[in-house]
$ cat final38.txt   # compact mmCIF, N, CA and C atoms and all ligand atoms
# COMPACT_ATOMS: atom_id res chain seq x y z
N MET G 6 0.84 -1.21 0.00
CA MET G 6 0.00 0.00 0.00
C MET G 6 0.87 1.26 0.00
N GLU G 7 1.86 1.20 0.85
CA GLU G 7 2.73 2.37 0.99
C GLU G 7 3.49 2.62 -0.30
N GLY G 8 3.87 1.48 -0.93
CA GLY G 8 4.59 1.55 -2.18
C GLY G 8 3.77 2.24 -3.25
N ARG G 9 2.48 1.94 -3.29
CA ARG G 9 1.62 2.52 -4.31
C ARG G 9 1.46 4.03 -4.09
N ASP G 10 1.37 4.42 -2.80
CA ASP G 10 1.26 5.84 -2.48
C ASP G 10 2.49 6.61 -2.95
N THR G 11 3.62 6.00 -2.75
CA THR G 11 4.86 6.64 -3.16
C THR G 11 4.86 6.84 -4.67
N LYS G 12 4.40 5.78 -5.36
CA LYS G 12 4.34 5.84 -6.82
C LYS G 12 3.42 6.97 -7.28
N ARG G 13 2.25 7.04 -6.60
CA ARG G 13 1.28 8.08 -6.95
C ARG G 13 1.87 9.47 -6.68
N ASP G 14 2.52 9.59 -5.56
CA ASP G 14 3.15 10.87 -5.21
C ASP G 14 4.16 11.26 -6.27
N GLU G 15 4.88 10.23 -6.72
CA GLU G 15 5.92 10.47 -7.70
C GLU G 15 5.31 11.00 -9.00
N ILE G 16 4.21 10.35 -9.42
CA ILE G 16 3.52 10.76 -10.64
C ILE G 16 3.00 12.19 -10.49
N LEU G 17 2.39 12.43 -9.33
CA LEU G 17 1.87 13.77 -9.07
C LEU G 17 2.97 14.81 -9.09
N ARG G 18 4.08 14.44 -8.52
CA ARG G 18 5.20 15.38 -8.46
C ARG G 18 5.72 15.67 -9.87
N THR G 19 5.81 14.60 -10.67
CA THR G 19 6.27 14.75 -12.05
C THR G 19 5.31 15.64 -12.83
N LEU G 20 4.01 15.38 -12.65
CA LEU G 20 2.98 16.17 -13.33
C LEU G 20 3.08 17.64 -12.92
N PHE G 21 3.20 17.83 -11.62
CA PHE G 21 3.29 19.17 -11.08
C PHE G 21 4.51 19.88 -11.64
N GLU G 22 5.60 19.14 -11.67
CA GLU G 22 6.86 19.70 -12.15
C GLU G 22 6.76 20.13 -13.62
N SER G 23 6.11 19.27 -14.43
CA SER G 23 6.00 19.60 -15.85
C SER G 23 5.05 20.78 -16.06
N LYS G 24 4.00 20.85 -15.25
CA LYS G 24 3.06 21.99 -15.32
C LYS G 24 3.77 23.27 -14.93
N ARG G 25 4.61 23.14 -13.94
CA ARG G 25 5.33 24.31 -13.43
C ARG G 25 6.30 24.81 -14.50
N LEU G 26 6.98 23.87 -15.15
CA LEU G 26 7.91 24.21 -16.22
C LEU G 26 7.18 24.87 -17.39
N GLU G 27 6.02 24.34 -17.68
CA GLU G 27 5.19 24.87 -18.76
C GLU G 27 4.82 26.33 -18.48
N ALA G 28 4.36 26.54 -17.25
CA ALA G 28 3.97 27.89 -16.84
C ALA G 28 5.18 28.82 -16.89
N TYR G 29 6.31 28.30 -16.49
CA TYR G 29 7.53 29.10 -16.47
C TYR G 29 7.96 29.46 -17.89
N ALA G 30 7.86 28.48 -18.78
CA ALA G 30 8.22 28.71 -20.17
C ALA G 30 7.31 29.77 -20.79
N GLU G 31 6.03 29.66 -20.46
CA GLU G 31 5.05 30.63 -20.95
C GLU G 31 5.37 32.02 -20.44
N TYR G 32 5.72 32.06 -19.17
CA TYR G 32 6.05 33.32 -18.52
C TYR G 32 7.28 33.93 -19.17
N ARG G 33 8.24 33.06 -19.48
CA ARG G 33 9.49 33.52 -20.10
C ARG G 33 9.27 34.04 -21.51
N THR G 34 8.48 33.29 -22.31
CA THR G 34 8.28 33.70 -23.71
C THR G 34 7.65 35.07 -23.80
N ARG G 35 6.93 35.44 -22.76
CA ARG G 35 6.29 36.75 -22.77
C ARG G 35 7.35 37.86 -22.81
N ASP G 36 8.50 37.60 -22.20
CA ASP G 36 9.57 38.59 -22.16
C ASP G 36 10.62 38.33 -23.23
N MET G 37 10.32 37.40 -24.12
CA MET G 37 11.29 37.01 -25.12
C MET G 37 10.87 37.59 -26.47
N HIS G 38 11.81 38.22 -27.14
CA HIS G 38 11.50 38.80 -28.43
C HIS G 38 12.59 38.49 -29.42
N VAL G 39 12.20 38.31 -30.67
CA VAL G 39 13.15 38.07 -31.73
C VAL G 39 13.33 39.37 -32.48
N CYS G 40 14.57 39.78 -32.64
CA CYS G 40 14.84 40.99 -33.39
C CYS G 40 14.58 40.71 -34.87
N PHE G 41 13.78 41.54 -35.51
CA PHE G 41 13.40 41.26 -36.90
C PHE G 41 14.53 41.57 -37.88
N LEU G 42 15.57 42.24 -37.42
CA LEU G 42 16.70 42.52 -38.31
C LEU G 42 17.81 41.49 -38.20
N CYS G 43 18.28 41.21 -37.00
CA CYS G 43 19.38 40.26 -36.85
C CYS G 43 18.87 38.87 -36.45
N GLU G 44 17.59 38.77 -36.14
CA GLU G 44 16.94 37.51 -35.80
C GLU G 44 17.50 36.83 -34.57
N ARG G 45 18.18 37.60 -33.74
CA ARG G 45 18.66 37.05 -32.48
C ARG G 45 17.49 37.10 -31.49
N ILE G 46 17.54 36.19 -30.53
CA ILE G 46 16.48 36.15 -29.53
C ILE G 46 16.99 36.83 -28.27
N PHE G 47 16.21 37.74 -27.77
CA PHE G 47 16.59 38.45 -26.57
C PHE G 47 15.57 38.20 -25.48
N TYR G 48 16.08 38.09 -24.29
CA TYR G 48 15.22 37.86 -23.15
C TYR G 48 15.38 39.01 -22.16
N LYS G 49 14.30 39.71 -21.96
CA LYS G 49 14.28 40.84 -21.02
C LYS G 49 15.36 41.87 -21.32
N LYS G 50 15.72 42.01 -22.58
CA LYS G 50 16.70 43.02 -22.97
C LYS G 50 15.93 44.21 -23.50
N PRO G 51 16.49 45.40 -23.35
CA PRO G 51 15.77 46.55 -23.88
C PRO G 51 15.62 46.46 -25.39
N MET G 52 14.39 46.45 -25.82
CA MET G 52 14.08 46.38 -27.25
C MET G 52 12.98 47.36 -27.57
N LYS G 53 12.94 47.76 -28.80
CA LYS G 53 11.91 48.70 -29.24
C LYS G 53 10.90 47.97 -30.11
N LYS G 54 9.64 48.31 -29.92
CA LYS G 54 8.62 47.71 -30.76
C LYS G 54 8.25 48.72 -31.84
N ILE G 55 8.42 48.28 -33.07
CA ILE G 55 8.06 49.13 -34.20
C ILE G 55 7.00 48.38 -34.97
N GLY G 56 5.80 48.94 -35.01
CA GLY G 56 4.68 48.21 -35.60
C GLY G 56 4.43 46.99 -34.75
N ASN G 57 4.50 45.81 -35.35
CA ASN G 57 4.36 44.60 -34.55
C ASN G 57 5.67 43.82 -34.52
N LYS G 58 6.78 44.53 -34.84
CA LYS G 58 8.10 43.90 -34.84
C LYS G 58 8.94 44.46 -33.71
N TRP G 59 9.84 43.62 -33.24
CA TRP G 59 10.77 44.06 -32.21
C TRP G 59 12.14 44.25 -32.82
N ILE G 60 12.86 45.23 -32.31
CA ILE G 60 14.20 45.49 -32.80
C ILE G 60 15.14 45.67 -31.62
N CYS G 61 16.32 45.08 -31.71
CA CYS G 61 17.25 45.15 -30.59
C CYS G 61 18.05 46.44 -30.63
N MET G 62 18.76 46.72 -29.55
CA MET G 62 19.50 47.97 -29.42
C MET G 62 20.61 48.08 -30.47
N ASP G 63 21.30 46.96 -30.71
CA ASP G 63 22.40 46.98 -31.69
C ASP G 63 21.89 47.38 -33.07
N CYS G 64 20.79 46.77 -33.47
CA CYS G 64 20.22 47.07 -34.79
C CYS G 64 19.67 48.48 -34.82
N MET G 65 19.09 48.89 -33.69
CA MET G 65 18.53 50.24 -33.58
C MET G 65 19.65 51.26 -33.79
N ARG G 66 20.81 50.97 -33.22
CA ARG G 66 21.96 51.87 -33.33
C ARG G 66 22.41 51.95 -34.79
N GLN G 67 22.48 50.78 -35.44
CA GLN G 67 22.87 50.74 -36.84
C GLN G 67 21.88 51.50 -37.71
N LEU G 68 20.61 51.31 -37.36
CA LEU G 68 19.54 51.98 -38.10
C LEU G 68 19.65 53.49 -37.92
N ARG G 69 19.93 53.90 -36.69
CA ARG G 69 20.05 55.32 -36.39
C ARG G 69 21.21 55.92 -37.19
N ASP G 70 22.35 55.20 -37.19
CA ASP G 70 23.52 55.68 -37.94
C ASP G 70 23.20 55.79 -39.42
N ALA G 71 22.45 54.82 -39.92
CA ALA G 71 22.07 54.82 -41.34
C ALA G 71 21.17 56.01 -41.64
N ILE G 72 20.26 56.28 -40.71
CA ILE G 72 19.33 57.40 -40.90
C ILE G 72 20.08 58.73 -40.81
N MET G 73 21.01 58.80 -39.83
CA MET G 73 21.79 60.03 -39.65
C MET G 73 22.62 60.34 -40.89
N SER G 74 23.11 59.29 -41.56
CA SER G 74 23.96 59.52 -42.72
C SER G 74 23.17 59.44 -44.02
N PHE G 75 21.85 59.41 -43.89
CA PHE G 75 21.00 59.25 -45.07
C PHE G 75 21.15 60.40 -46.06
N ASP G 76 21.22 61.64 -45.54
CA ASP G 76 21.36 62.81 -46.41
C ASP G 76 22.61 62.72 -47.27
N VAL G 77 23.71 62.34 -46.63
CA VAL G 77 24.99 62.21 -47.33
C VAL G 77 24.88 61.12 -48.40
N TRP G 78 24.28 60.02 -48.00
CA TRP G 78 24.10 58.87 -48.87
C TRP G 78 23.25 59.23 -50.10
N GLU G 79 22.18 59.97 -49.82
CA GLU G 79 21.26 60.38 -50.88
C GLU G 79 21.98 61.31 -51.86
N LYS G 80 22.78 62.26 -51.33
CA LYS G 80 23.51 63.19 -52.18
C LYS G 80 24.52 62.44 -53.04
N GLU G 81 25.19 61.47 -52.44
CA GLU G 81 26.17 60.66 -53.16
C GLU G 81 25.49 59.92 -54.30
N ALA G 82 24.33 59.37 -54.02
CA ALA G 82 23.58 58.62 -55.02
C ALA G 82 23.14 59.54 -56.16
N GLU G 83 22.69 60.75 -55.80
CA GLU G 83 22.28 61.73 -56.79
C GLU G 83 23.44 62.12 -57.69
N LEU G 84 24.59 62.37 -57.04
CA LEU G 84 25.80 62.75 -57.76
C LEU G 84 26.22 61.65 -58.72
N GLU G 85 26.16 60.45 -58.23
CA GLU G 85 26.54 59.28 -59.02
C GLU G 85 25.64 59.14 -60.24
N ALA G 86 24.35 59.35 -60.02
CA ALA G 86 23.37 59.25 -61.11
C ALA G 86 23.63 60.33 -62.15
N GLU G 87 23.99 61.51 -61.66
CA GLU G 87 24.28 62.64 -62.54
C GLU G 87 25.50 62.35 -63.40
N ILE G 88 26.54 61.85 -62.74
CA ILE G 88 27.78 61.51 -63.45
C ILE G 88 27.51 60.45 -64.51
N ARG G 89 26.72 59.46 -64.13
CA ARG G 89 26.41 58.37 -65.06
C ARG G 89 25.65 58.92 -66.28
N LYS G 90 24.73 59.84 -66.01
CA LYS G 90 23.92 60.44 -67.07
C LYS G 90 24.82 61.22 -68.03
N LYS G 91 25.73 62.01 -67.44
CA LYS G 91 26.66 62.82 -68.24
C LYS G 91 27.53 61.93 -69.11
N MET G 92 28.00 60.85 -68.50
CA MET G 92 28.88 59.92 -69.22
C MET G 92 28.13 59.27 -70.38
N ASP G 93 26.88 58.90 -70.09
CA ASP G 93 26.04 58.29 -71.13
C ASP G 93 25.83 59.26 -72.27
N GLU G 94 25.58 60.54 -71.94
CA GLU G 94 25.35 61.56 -72.95
C GLU G 94 26.61 61.77 -73.81
N GLU G 95 27.74 61.83 -73.11
CA GLU G 95 29.01 62.04 -73.81
C GLU G 95 29.35 60.88 -74.73
N LEU G 96 29.00 59.70 -74.25
CA LEU G 96 29.29 58.50 -75.04
C LEU G 96 28.23 58.27 -76.11
N GLY G 97 27.17 59.05 -75.99
CA GLY G 97 26.08 58.96 -76.97
C GLY G 97 25.34 57.64 -76.92
N VAL G 98 25.20 57.09 -75.73
CA VAL G 98 24.45 55.83 -75.59
C VAL G 98 22.96 56.10 -75.51
ZN ZN G 101 18.92 43.01 -33.85
$ encode --input "final38.txt" --output "structure tokens"
Amino acid sequence: MEGRDTKRDEILRTLFESKRLEAYAEYRTRDMHVCFLCERIFYKKPMKKIGNKWICMDCMRQLRDAIMSFDVWEKEAELEAEIRKKMDEELGV
């Protein structure tokens, strides 16, 4: 009789343990986000939500730098297009 009780306790403990782990995993996933740019998974790390996507600090920094240098980049692209146009005209293509 005692043996059976122990077995039952064991099963209950196992069940309880798995339920507890399940709840814990659920609790954890709530604080877990995948960065949509680098696809790394972050847990409780500072992240920004943009639309329905999360972005990590590293990517945010890169994005900020890209945005900050956007004017220069745009001017370079314009200049390049102009040069290409001039060259095409000169070559009569
Ligand atoms: Zn990232």
$ atom_distance --input "final38.txt" --atom1 "atom C of Asp36 of chain G" --atom2 "atom N of Lys50 of chain G"
6.3 Å
$ select_by_dssp --input "final38.txt" --residues "chain G" --states "alpha helix (DSSP H)" --output "ChimeraX atom specification"
/G:7-35,62-73,75-96
$ residues_near_ligand --input "final38.txt" --ligand "ligand ZN 101 (chain G)" --cutoff "10 Å" --atoms "only C-alpha atoms and all ligand atoms" --output "JSON, numbers by chain"
{"G": [39, 40, 41, 42, 43, 44, 45, 46, 47, 52, 59, 60, 61, 62, 63, 64, 65, 66, 67, 68]}
$ select_by_dssp --input "final38.txt" --residues "chain G" --states "strand (DSSP E)" --output "list in words"
Met37, His38, Val39, Ile46, Phe47, Tyr48, Met52, Lys53, Lys54, Ile55, Lys58, Trp59, Ile60 and Cys61 of chain G
$ axis_aligned_box --input "final38.txt" --around "segment 60-74 of chain G" --padding-each-side "4 Å" --output "AutoDock Vina command-line options"
--center_x 18.4 --center_y 52.7 --center_z -36.7 --size_x 19.1 --size_y 23.3 --size_z 22.6
